[in-house]
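Source file run-v1.pdb; content: PDB, C-alpha atoms.
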```pdb
ATOM      1  CA  MET A  29      63.860 131.407 115.399
ATOM      2  CA  ALA A  30      60.925 133.820 115.512
ATOM      3  CA  VAL A  31      61.600 137.002 113.554
ATOM      4  CA  ALA A  32      59.673 140.132 112.564
ATOM      5  CA  ALA A  33      58.409 140.665 116.105
ATOM      6  CA  PHE A  34      60.369 143.776 117.023
ATOM      7  CA  MET A  35      61.022 147.145 115.444
ATOM      8  CA  PRO A  36      64.703 148.157 115.525
ATOM      9  CA  PRO A  37      65.088 151.318 117.642
ATOM     10  CA  ARG A  38      66.726 153.083 114.691
ATOM     11  CA  LEU A  39      63.454 152.831 112.748
ATOM     12  CA  VAL A  40      61.098 154.076 115.460
ATOM     13  CA  GLN A  41      61.484 157.606 114.107
ATOM     14  CA  TYR A  42      59.650 156.576 110.916
ATOM     15  CA  GLY A  43      56.496 155.508 112.789
ATOM     16  CA  PRO A  44      54.522 152.242 112.475
ATOM     17  CA  GLY A  45      55.568 150.120 109.521
ATOM     18  CA  GLU A  46      52.113 150.207 107.990
ATOM     19  CA  SER A  47      52.503 153.966 107.483
ATOM     20  CA  TRP A  48      55.931 153.875 105.826
ATOM     21  CA  ASP A  49      56.410 155.548 102.477
ATOM     22  CA  ALA A  50      57.342 152.802 100.030
ATOM     23  CA  ASN A  51      59.859 155.176  98.438
ATOM     24  CA  GLY A  52      61.186 156.508 101.747
ATOM     25  CA  PRO A  53      64.290 155.379 103.639
ATOM     26  CA  ALA A  54      62.586 153.049 106.141
ATOM     27  CA  PRO A  55      61.782 150.046 103.863
ATOM     28  CA  ALA A  56      65.331 149.815 102.524
ATOM     29  CA  LEU A  57      66.801 150.174 106.010
ATOM     30  CA  PHE A  58      64.525 147.465 107.341
ATOM     31  CA  GLN A  59      65.426 145.129 104.472
ATOM     32  CA  LYS A  60      69.110 145.684 105.249
ATOM     33  CA  TYR A  61      68.446 144.910 108.910
ATOM     34  CA  ALA A  62      66.443 141.781 108.057
ATOM     35  CA  ASN A  63      69.161 140.462 105.737
ATOM     36  CA  ALA A  64      71.832 141.029 108.378
ATOM     37  CA  LEU A  65      69.791 139.364 111.127
ATOM     38  CA  VAL A  66      68.852 136.298 109.060
ATOM     39  CA  ARG A  67      72.431 135.921 107.800
ATOM     40  CA  TYR A  68      73.816 136.139 111.347
ATOM     41  CA  ILE A  69      71.350 133.581 112.734
ATOM     42  CA  ALA A  70      71.847 131.116 109.874
ATOM     43  CA  LYS A  71      75.631 131.363 109.821
ATOM     44  CA  LYS A  72      75.970 131.195 113.609
ATOM     45  CA  SER A  73      73.698 128.149 113.732
ATOM     46  CA  LEU A  74      75.281 126.227 110.856
ATOM     47  CA  ASP A  75      78.821 127.053 111.987
ATOM     48  CA  GLY A  76      77.858 125.784 115.438
ATOM     49  CA  GLY A  77      76.782 122.402 114.083
ATOM     50  CA  ALA A  78      73.032 122.864 113.535
ATOM     51  CA  SER A  79      71.641 120.662 110.767
ATOM     52  CA  SER A  80      69.017 123.237 109.770
ATOM     53  CA  VAL A  81      67.629 126.649 110.662
ATOM     54  CA  ILE A  82      63.881 127.298 110.749
ATOM     55  CA  PHE A  83      62.478 130.835 110.773
ATOM     56  CA  GLU A  84      58.965 131.661 111.950
ATOM     57  CA  VAL A  85      57.890 134.965 110.442
ATOM     58  CA  SER A  86      55.431 136.650 112.844
ATOM     59  CA  ASN A  87      52.365 134.682 111.869
ATOM     60  CA  GLU A  88      51.489 132.447 114.799
ATOM     61  CA  ALA A  89      49.498 132.938 117.989
ATOM     62  CA  ASP A  90      52.357 131.586 120.071
ATOM     63  CA  ILE A  91      54.448 134.657 119.290
ATOM     64  CA  ALA A  92      51.631 137.189 119.515
ATOM     65  CA  ASP A  93      51.763 140.110 121.931
ATOM     66  CA  SER A  94      50.036 140.065 125.242
ATOM     67  CA  ALA A  95      47.080 142.383 125.740
ATOM     68  CA  PRO A  96      47.936 146.085 126.111
ATOM     69  CA  GLU A  97      47.540 147.635 129.519
ATOM     70  CA  ASN A  98      44.526 149.893 130.092
ATOM     71  CA  TRP A  99      42.933 148.867 126.796
ATOM     72  CA  SER A 100      40.062 151.062 125.652
ATOM     73  CA  ASP A 101      38.272 150.910 122.293
ATOM     74  CA  THR A 102      37.094 154.482 122.737
ATOM     75  CA  ASN A 103      40.198 156.057 124.268
ATOM     76  CA  PRO A 104      43.363 154.946 122.420
ATOM     77  CA  SER A 105      45.482 157.376 124.412
ATOM     78  CA  ALA A 106      44.869 155.308 127.546
ATOM     79  CA  TYR A 107      46.625 152.121 126.475
ATOM     80  CA  THR A 108      50.293 151.266 126.595
ATOM     81  CA  LEU A 109      52.210 148.134 125.751
ATOM     82  CA  LYS A 110      55.316 147.778 127.859
ATOM     83  CA  PRO A 111      58.204 147.964 127.289
ATOM     84  CA  LEU A 112      57.924 149.418 123.777
ATOM     85  CA  GLY A 113      55.627 152.329 124.489
ATOM     86  CA  SER A 114      52.805 153.696 122.411
ATOM     87  CA  TRP A 115      54.450 153.980 119.000
ATOM     88  CA  GLY A 116      53.005 150.702 117.787
ATOM     89  CA  ARG A 117      53.899 147.072 117.209
ATOM     90  CA  TRP A 118      54.225 144.724 114.280
ATOM     91  CA  LEU A 119      52.112 141.870 115.576
ATOM     92  CA  TRP A 120      48.706 141.191 116.957
ATOM     93  CA  TRP A 121      47.671 140.553 120.528
ATOM     94  CA  ILE A 122      45.336 138.056 122.135
ATOM     95  CA  ASP A 123      42.373 138.777 124.354
ATOM     96  CA  PRO A 124      42.903 135.939 126.869
ATOM     97  CA  ALA A 125      39.281 135.999 128.003
ATOM     98  CA  LYS A 126      37.879 135.311 124.523
ATOM     99  CA  TYR A 127      40.804 133.882 122.543
ATOM    100  CA  VAL A 128      40.133 136.723 120.141
ATOM    101  CA  LEU A 129      43.046 138.107 118.153
ATOM    102  CA  ASN A 130      43.421 141.847 117.691
ATOM    103  CA  GLN A 131      45.621 143.494 115.108
ATOM    104  CA  TRP A 132      48.142 146.148 116.053
ATOM    105  CA  PRO A 133      47.801 149.134 115.524
ATOM    106  CA  PRO A 134      44.377 149.017 117.208
ATOM    107  CA  LEU A 135      41.203 148.591 115.200
ATOM    108  CA  GLN A 136      43.169 147.683 112.067
ATOM    109  CA  SER A 137      41.676 144.242 112.491
ATOM    110  CA  HIS A 138      38.296 145.483 111.292
ATOM    111  CA  THR A 139      39.571 146.392 107.845
ATOM    112  CA  MET A 140      42.217 143.722 107.395
ATOM    113  CA  SER A 141      40.983 140.489 108.884
ATOM    114  CA  ASN A 142      37.770 140.687 110.928
ATOM    115  CA  ALA A 143      39.929 139.458 113.793
ATOM    116  CA  GLU A 144      37.474 140.617 116.464
ATOM    117  CA  ASP A 145      34.811 138.287 115.074
ATOM    118  CA  PRO A 146      34.896 135.355 117.582
ATOM    119  CA  THR A 147      33.898 132.896 114.853
ATOM    120  CA  LEU A 148      37.169 133.584 113.084
ATOM    121  CA  SER A 149      39.444 133.548 116.098
ATOM    122  CA  TYR A 150      41.900 130.861 117.093
ATOM    123  CA  PRO A 151      41.215 128.107 118.011
ATOM    124  CA  TYR A 152      37.671 128.290 116.634
ATOM    125  CA  GLN A 153      36.543 127.451 113.093
ATOM    126  CA  LEU A 154      38.745 129.254 110.593
ATOM    127  CA  ASP A 155      42.269 129.670 111.900
ATOM    128  CA  ALA A 156      42.788 133.402 112.253
ATOM    129  CA  ARG A 157      46.377 133.137 113.403
ATOM    130  CA  ARG A 158      47.419 134.381 109.969
ATOM    131  CA  LEU A 159      45.205 137.368 110.393
ATOM    132  CA  PRO A 160      45.164 139.400 107.197
ATOM    133  CA  ARG A 161      44.972 136.397 104.834
ATOM    134  CA  GLN A 162      47.917 138.005 103.061
ATOM    135  CA  LEU A 163      51.478 138.957 103.913
ATOM    136  CA  LEU A 164      52.029 142.093 105.932
ATOM    137  CA  PRO A 165      54.860 144.419 104.829
ATOM    138  CA  VAL A 166      57.143 143.182 107.586
ATOM    139  CA  GLN A 167      56.447 139.557 106.677
ATOM    140  CA  LYS A 168      57.300 140.255 103.064
ATOM    141  CA  VAL A 169      60.572 141.873 104.074
ATOM    142  CA  PHE A 170      61.673 138.981 106.271
ATOM    143  CA  SER A 171      60.445 136.362 103.817
ATOM    144  CA  GLN A 172      62.567 138.018 101.131
ATOM    145  CA  ALA A 173      65.516 138.187 103.529
ATOM    146  CA  ILE A 174      65.276 134.434 104.136
ATOM    147  CA  VAL A 175      65.209 133.789 100.390
ATOM    148  CA  ASN A 176      68.145 136.160  99.887
ATOM    149  CA  ILE A 177      70.348 134.502 102.499
ATOM    150  CA  ARG A 178      69.382 130.967 101.489
ATOM    151  CA  ASN A 179      70.472 131.768  97.924
ATOM    152  CA  GLU A 180      73.582 133.483  99.217
ATOM    153  CA  LEU A 181      74.600 130.449 101.268
ATOM    154  CA  ALA A 182      73.741 128.059  98.463
ATOM    155  CA  ALA A 183      76.139 129.984  96.224
ATOM    156  CA  ALA A 184      78.941 129.745  98.793
ATOM    157  CA  ASN A 185      80.240 126.455  97.377
ATOM    158  CA  LEU A 186      80.514 127.984  93.925
ATOM    159  CA  PHE A 187      82.654 130.771  95.374
ATOM    160  CA  LYS A 188      84.831 128.098  96.985
ATOM    161  CA  MET A 189      85.424 126.744  93.503
ATOM    162  CA  TYR A 190      86.398 130.173  92.227
ATOM    163  CA  ASN A 191      88.787 130.570  95.155
ATOM    164  CA  LYS A 192      90.570 127.386  94.050
ATOM    165  CA  MET A 193      91.174 128.846  90.578
ATOM    166  CA  SER A 194      94.443 130.641  91.184
ATOM    167  CA  GLY A 195      96.609 132.033  88.385
ATOM    168  CA  GLN A 196      95.979 133.734  85.053
ATOM    169  CA  ARG A 197      93.030 133.237  82.750
ATOM    170  CA  VAL A 198      93.851 131.182  79.650
ATOM    171  CA  GLN A 199      91.920 130.303  76.515
ATOM    172  CA  ALA A 200      89.180 127.686  76.753
ATOM    173  CA  ALA A 201      87.420 126.537  73.569
ATOM    174  CA  LEU A 202      84.309 124.366  73.309
ATOM    175  CA  THR A 203      83.231 122.275  70.344
ATOM    176  CA  GLY A 204      79.891 120.985  71.597
ATOM    177  CA  GLY A 205      77.814 122.474  68.794
ATOM    178  CA  ALA A 206      74.610 124.497  68.786
ATOM    179  CA  GLY A 207      72.708 122.029  70.955
ATOM    180  CA  SER A 208      75.171 122.174  73.845
ATOM    181  CA  HIS A 209      74.696 124.264  76.965
ATOM    182  CA  LEU A 210      78.226 123.729  78.264
ATOM    183  CA  ASN A 211      80.582 126.637  78.853
ATOM    184  CA  ALA A 212      84.081 126.742  80.302
ATOM    185  CA  PHE A 213      86.973 128.891  81.390
ATOM    186  CA  ALA A 214      90.434 128.046  82.651
ATOM    187  CA  THR A 215      93.403 129.449  84.549
ATOM    188  CA  TRP A 216      97.094 128.531  84.807
ATOM    189  CA  ASP A 217      99.020 129.119  88.025
ATOM    190  CA  GLY A 218     102.679 129.170  87.045
ATOM    191  CA  ALA A 219     103.888 129.497  90.620
ATOM    192  CA  ASN A 220     102.284 126.172  91.581
ATOM    193  CA  SER A 221     102.241 124.542  88.101
ATOM    194  CA  THR A 222      98.509 123.962  88.466
ATOM    195  CA  ALA A 223      95.840 124.160  85.769
ATOM    196  CA  ASN A 224      92.214 124.902  86.707
ATOM    197  CA  ILE A 225      89.339 124.241  84.327
ATOM    198  CA  MET A 226      85.745 125.055  85.252
ATOM    199  CA  VAL A 227      82.930 123.670  83.093
ATOM    200  CA  TYR A 228      79.340 124.687  83.681
ATOM    201  CA  ASN A 229      76.025 123.619  82.197
ATOM    202  CA  TYR A 230      73.471 126.413  82.070
ATOM    203  CA  ASP A 231      70.196 126.207  80.187
ATOM    204  CA  PRO A 232      67.838 129.105  80.999
ATOM    205  CA  THR A 233      64.873 127.168  79.631
ATOM    206  CA  ARG A 234      65.387 124.484  82.252
ATOM    207  CA  VAL A 235      66.501 126.824  85.019
ATOM    208  CA  PHE A 236      63.473 129.086  84.686
ATOM    209  CA  GLY A 237      61.051 126.508  83.263
ATOM    210  CA  ASN A 238      58.475 124.428  85.054
ATOM    211  CA  ASN A 239      59.142 121.909  87.797
ATOM    212  CA  ILE A 240      58.586 118.908  85.561
ATOM    213  CA  SER A 241      61.215 119.788  82.964
ATOM    214  CA  THR A 242      63.693 116.963  82.449
ATOM    215  CA  GLU A 243      67.445 117.296  82.547
ATOM    216  CA  THR A 244      69.787 115.413  80.225
ATOM    217  CA  PRO A 245      73.446 115.459  81.295
ATOM    218  CA  GLU A 246      75.942 116.310  78.560
ATOM    219  CA  GLY A 247      79.083 114.276  78.072
ATOM    220  CA  ILE A 248      82.439 115.983  78.627
ATOM    221  CA  SER A 249      85.657 115.221  76.774
ATOM    222  CA  LEU A 250      88.365 117.458  78.179
ATOM    223  CA  GLU A 251      91.738 118.099  76.530
ATOM    224  CA  VAL A 252      94.334 120.344  78.147
ATOM    225  CA  ASP A 253      97.319 121.277  75.961
ATOM    226  CA  ASN A 254     100.782 122.768  76.520
ATOM    227  CA  LEU A 255     101.258 121.370  80.003
ATOM    228  CA  PRO A 256     104.931 121.689  81.071
ATOM    229  CA  PHE A 257     105.098 118.103  82.325
ATOM    230  CA  SER A 258     107.222 115.244  81.036
ATOM    231  CA  ASP A 259     105.715 112.696  78.661
ATOM    232  CA  GLY A 260     104.601 109.596  80.488
ATOM    233  CA  SER A 261     104.348 111.362  83.834
ATOM    234  CA  THR A 262     101.232 110.814  85.917
ATOM    235  CA  VAL A 263      99.263 113.760  87.245
ATOM    236  CA  THR A 264      96.553 113.869  89.867
ATOM    237  CA  ILE A 265      93.282 115.646  89.074
ATOM    238  CA  GLU A 266      91.031 116.996  91.797
ATOM    239  CA  ARG A 267      87.423 116.974  90.614
ATOM    240  CA  TYR A 268      84.757 119.019  92.409
ATOM    241  CA  LEU A 269      81.081 118.990  91.435
ATOM    242  CA  ILE A 270      78.029 121.071  92.251
ATOM    243  CA  ASP A 271      74.744 119.858  90.812
ATOM    244  CA  ALA A 272      71.230 119.077  92.053
ATOM    245  CA  ASN A 273      72.479 116.386  94.432
ATOM    246  CA  THR A 274      76.173 117.015  95.080
ATOM    247  CA  SER A 275      77.893 119.755  97.120
ATOM    248  CA  ASN A 276      74.572 121.573  97.164
ATOM    249  CA  LEU A 277      73.459 123.535 100.230
ATOM    250  CA  ALA A 278      69.910 123.769  98.873
ATOM    251  CA  LYS A 279      69.804 119.962  98.785
ATOM    252  CA  PHE A 280      71.150 119.920 102.328
ATOM    253  CA  TYR A 281      68.207 122.065 103.450
ATOM    254  CA  SER A 282      65.512 120.132 101.579
ATOM    255  CA  ASP A 283      66.689 116.524 101.899
ATOM    256  CA  PRO A 284      65.959 114.925 105.331
ATOM    257  CA  THR A 285      69.182 112.898 105.028
ATOM    258  CA  HIS A 286      71.176 116.152 104.829
ATOM    259  CA  PRO A 287      73.821 115.199 102.241
ATOM    260  CA  ASP A 288      77.201 116.809 102.850
ATOM    261  CA  PRO A 289      77.014 120.378 101.452
ATOM    262  CA  ASN A 290      80.800 120.781 101.400
ATOM    263  CA  LEU A 291      82.674 120.470  98.126
ATOM    264  CA  GLN A 292      82.977 116.739  97.536
ATOM    265  CA  ARG A 293      86.306 115.852  95.950
ATOM    266  CA  ILE A 294      87.104 112.922  93.654
ATOM    267  CA  LEU A 295      90.754 112.180  92.787
ATOM    268  CA  LEU A 296      91.642 110.990  89.291
ATOM    269  CA  GLN A 297      94.992 110.121  87.723
ATOM    270  CA  ARG A 298      95.976 110.442  84.074
ATOM    271  CA  THR A 299      99.135 110.188  81.981
ATOM    272  CA  ILE A 300     100.645 113.123  80.073
ATOM    273  CA  ASN A 301     101.354 112.540  76.371
ATOM    274  CA  GLY A 302     102.975 115.257  74.250
ATOM    275  CA  GLY A 303     102.158 117.890  76.865
ATOM    276  CA  LYS A 304      98.483 116.958  76.690
ATOM    277  CA  LEU A 305      96.045 115.583  79.196
ATOM    278  CA  VAL A 306      92.831 113.965  77.962
ATOM    279  CA  LEU A 307      89.905 113.194  80.226
ATOM    280  CA  THR A 308      86.845 111.410  78.836
ATOM    281  CA  GLY A 309      83.786 109.666  80.192
ATOM    282  CA  ASP A 310      82.508 112.492  82.425
ATOM    283  CA  ALA A 311      79.071 114.093  82.183
ATOM    284  CA  LEU A 312      77.410 117.197  83.623
ATOM    285  CA  GLY A 313      73.767 118.148  83.993
ATOM    286  CA  LEU A 314      72.739 121.567  85.254
ATOM    287  CA  GLY A 315      75.660 122.494  87.469
ATOM    288  CA  VAL A 316      79.364 123.236  87.678
ATOM    289  CA  VAL A 317      82.435 120.977  87.716
ATOM    290  CA  LEU A 318      85.985 122.080  88.513
ATOM    291  CA  TYR A 319      89.102 120.142  87.498
ATOM    292  CA  ARG A 320      92.422 121.012  89.161
ATOM    293  CA  ILE A 321      95.381 119.406  87.413
ATOM    294  CA  LEU A 322      98.252 119.151  89.874
ATOM    295  CA  PRO A 323     101.916 118.713  88.879
ATOM    296  CA  PRO A 324     103.355 115.168  88.935
ATOM    297  CA  THR A 325     105.214 115.899  92.152
ATOM    298  CA  VAL A 326     102.015 116.726  94.067
ATOM    299  CA  VAL A 327      99.726 113.980  95.337
ATOM    300  CA  PRO A 328      96.961 115.197  97.730
TER     301      PRO A 328
END
```

Would it be possible to restate this file's structure as structure tokens?
Amino acid sequence: MAVAAFMPPRLVQYGPGESWDANGPAPALFQKYANALVRYIAKKSLDGGASSVIFEVSNEADIADSAPENWSDTNPSAYTLKPLGSWGRWLWWIDPAKYVLNQWPPLQSHTMSNAEDPTLSYPYQLDARRLPRQLLPVQKVFSQAIVNIRNELAAANLFKMYNKMSGQRVQAALTGGAGSHLNAFATWDGANSTANIMVYNYDPTRVFGNNISTETPEGISLEVDNLPFSDGSTVTIERYLIDANTSNLAKFYSDPTHPDPNLQRILLQRTINGGKLVLTGDALGLGVVLYRILPPTVVP
């Protein structure tokens, strides 16, 4: 999907984007528009069965404008570019006779990219398709919108976990010591006799560190007390995990095999003793794990 090639009619009143006041209303309105457009395209595509969505942000010759009508270097009032009129465009246009790229608004190419120098024009020598050698304001806006929506969609599975945590918040205590990065909280849904315990591993040093930082999963020993179930009864535990490789939309985007980004469920069974459930042998690296303890009468 090619984006950043058209100015929304609502923003025409603010003039060409290059002239916008950074503190004025236009940049924020355009960012809102870009977020909405990218979100709509991505969601519509993924909901329709697409395995990925690729955005091309106004930087290639194949989505450049055609040459303006009645072009004149000396008489700018003579040219028009149908159907958008003379209020300006985001992109550049190609001189088909010379394969020379021209920036829009006119003559901006001289100061930004030397685009009228034939030695720099596509397809000759240096590739001038990315004309200014830097991001234009509109490219920055759409690039940020793509990052925003990618992060938003990647967080969707975590919200699914939260949605499964019905009931009232109850106390959750951890005894991992100073070296642990595990945290937890829990809820109890009396109406459905279901306990929900979410454990997450968050280490800002690793999250915001360099790309070669190593990750050591931490072992989890989970004990849930005061369950209103009979001694010796067997309960089913639904286990959901989000980490670097599991239930992770970011992994779905980056991995050519496209691992399932939906919440992947594992079913466990344990016996209740003295109103307690004990679960050992699990481990969690950077990520989140949700345990849903169902009553003995419920088997998914």

I'd like the contact shell of Ile265 of chain A - 7 Å cut-off, only C-alpha atoms, skipping same-chain residues fewer than 3 positions apart - returned as a short mmCIF file (atom, residue, chain, number, x, y, z; two decimals) with C-alpha atoms, keeping the file's coordinate frame.
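Listed below is the output, around-v5.cif:
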```cif
data_model
loop_
_atom_site.label_atom_id
_atom_site.label_comp_id
_atom_site.auth_asym_id
_atom_site.auth_seq_id
_atom_site.Cartn_x
_atom_site.Cartn_y
_atom_site.Cartn_z
CA LEU A 295 90.75 112.18 92.79
CA LEU A 296 91.64 110.99 89.29
CA GLN A 297 94.99 110.12 87.72
CA TYR A 319 89.10 120.14 87.50
CA ARG A 320 92.42 121.01 89.16
CA ILE A 321 95.38 119.41 87.41
CA LEU A 322 98.25 119.15 89.87
#
```

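Atom CA of Gln292 of chain A lies 18.2 Å from atom CA of Asn229 of chain A.
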
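This file gives the following result for the PyMOL selection byres ((chain A and resi 196) around 12): Met193, Ser194, Gly195, Arg197, Val198, Gln199, Phe213, Ala214, Thr215, Trp216, Asp217, Gly218, Ala219, Asn220, Ser221, Thr222, Ala223, Asn224 and Ile225 of chain A.
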
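You can rank A:Leu277, A:Val316, A:Val169, A:Leu186 by their closest distance to His209 of chain A using all atoms listed in the file, and at the top of that list sits A:Val316.
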
I would like the residues chosen by the PyMOL selection byres ((chain A and resi 256) around 9) on the shown file; could you give them as a PDB file with C-alpha atoms, in the frame of the given file?
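Writing the result to out-v4.pdb gives the following:
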```pdb
ATOM      1  CA  SER A 221     102.241 124.542  88.101  1.00  0.00           C
ATOM      2  CA  ASN A 254     100.782 122.768  76.520  1.00  0.00           C
ATOM      3  CA  LEU A 255     101.258 121.370  80.003  1.00  0.00           C
ATOM      4  CA  PHE A 257     105.098 118.103  82.325  1.00  0.00           C
ATOM      5  CA  SER A 258     107.222 115.244  81.036  1.00  0.00           C
ATOM      6  CA  GLY A 303     102.158 117.890  76.865  1.00  0.00           C
ATOM      7  CA  PRO A 323     101.916 118.713  88.879  1.00  0.00           C
TER       8      PRO A 323
END
```

Seminar exercise, completed: One decimal place gives the atom CA of Ala70 of chain A-atom CA of Tyr281 of chain A separation as 11.7 Å

Problem set entry | Straight-line distance linking atom CA of Arg234 of chain A with atom CA of Tyr268 of chain A, stated in Å to one decimal | 22.5 Å
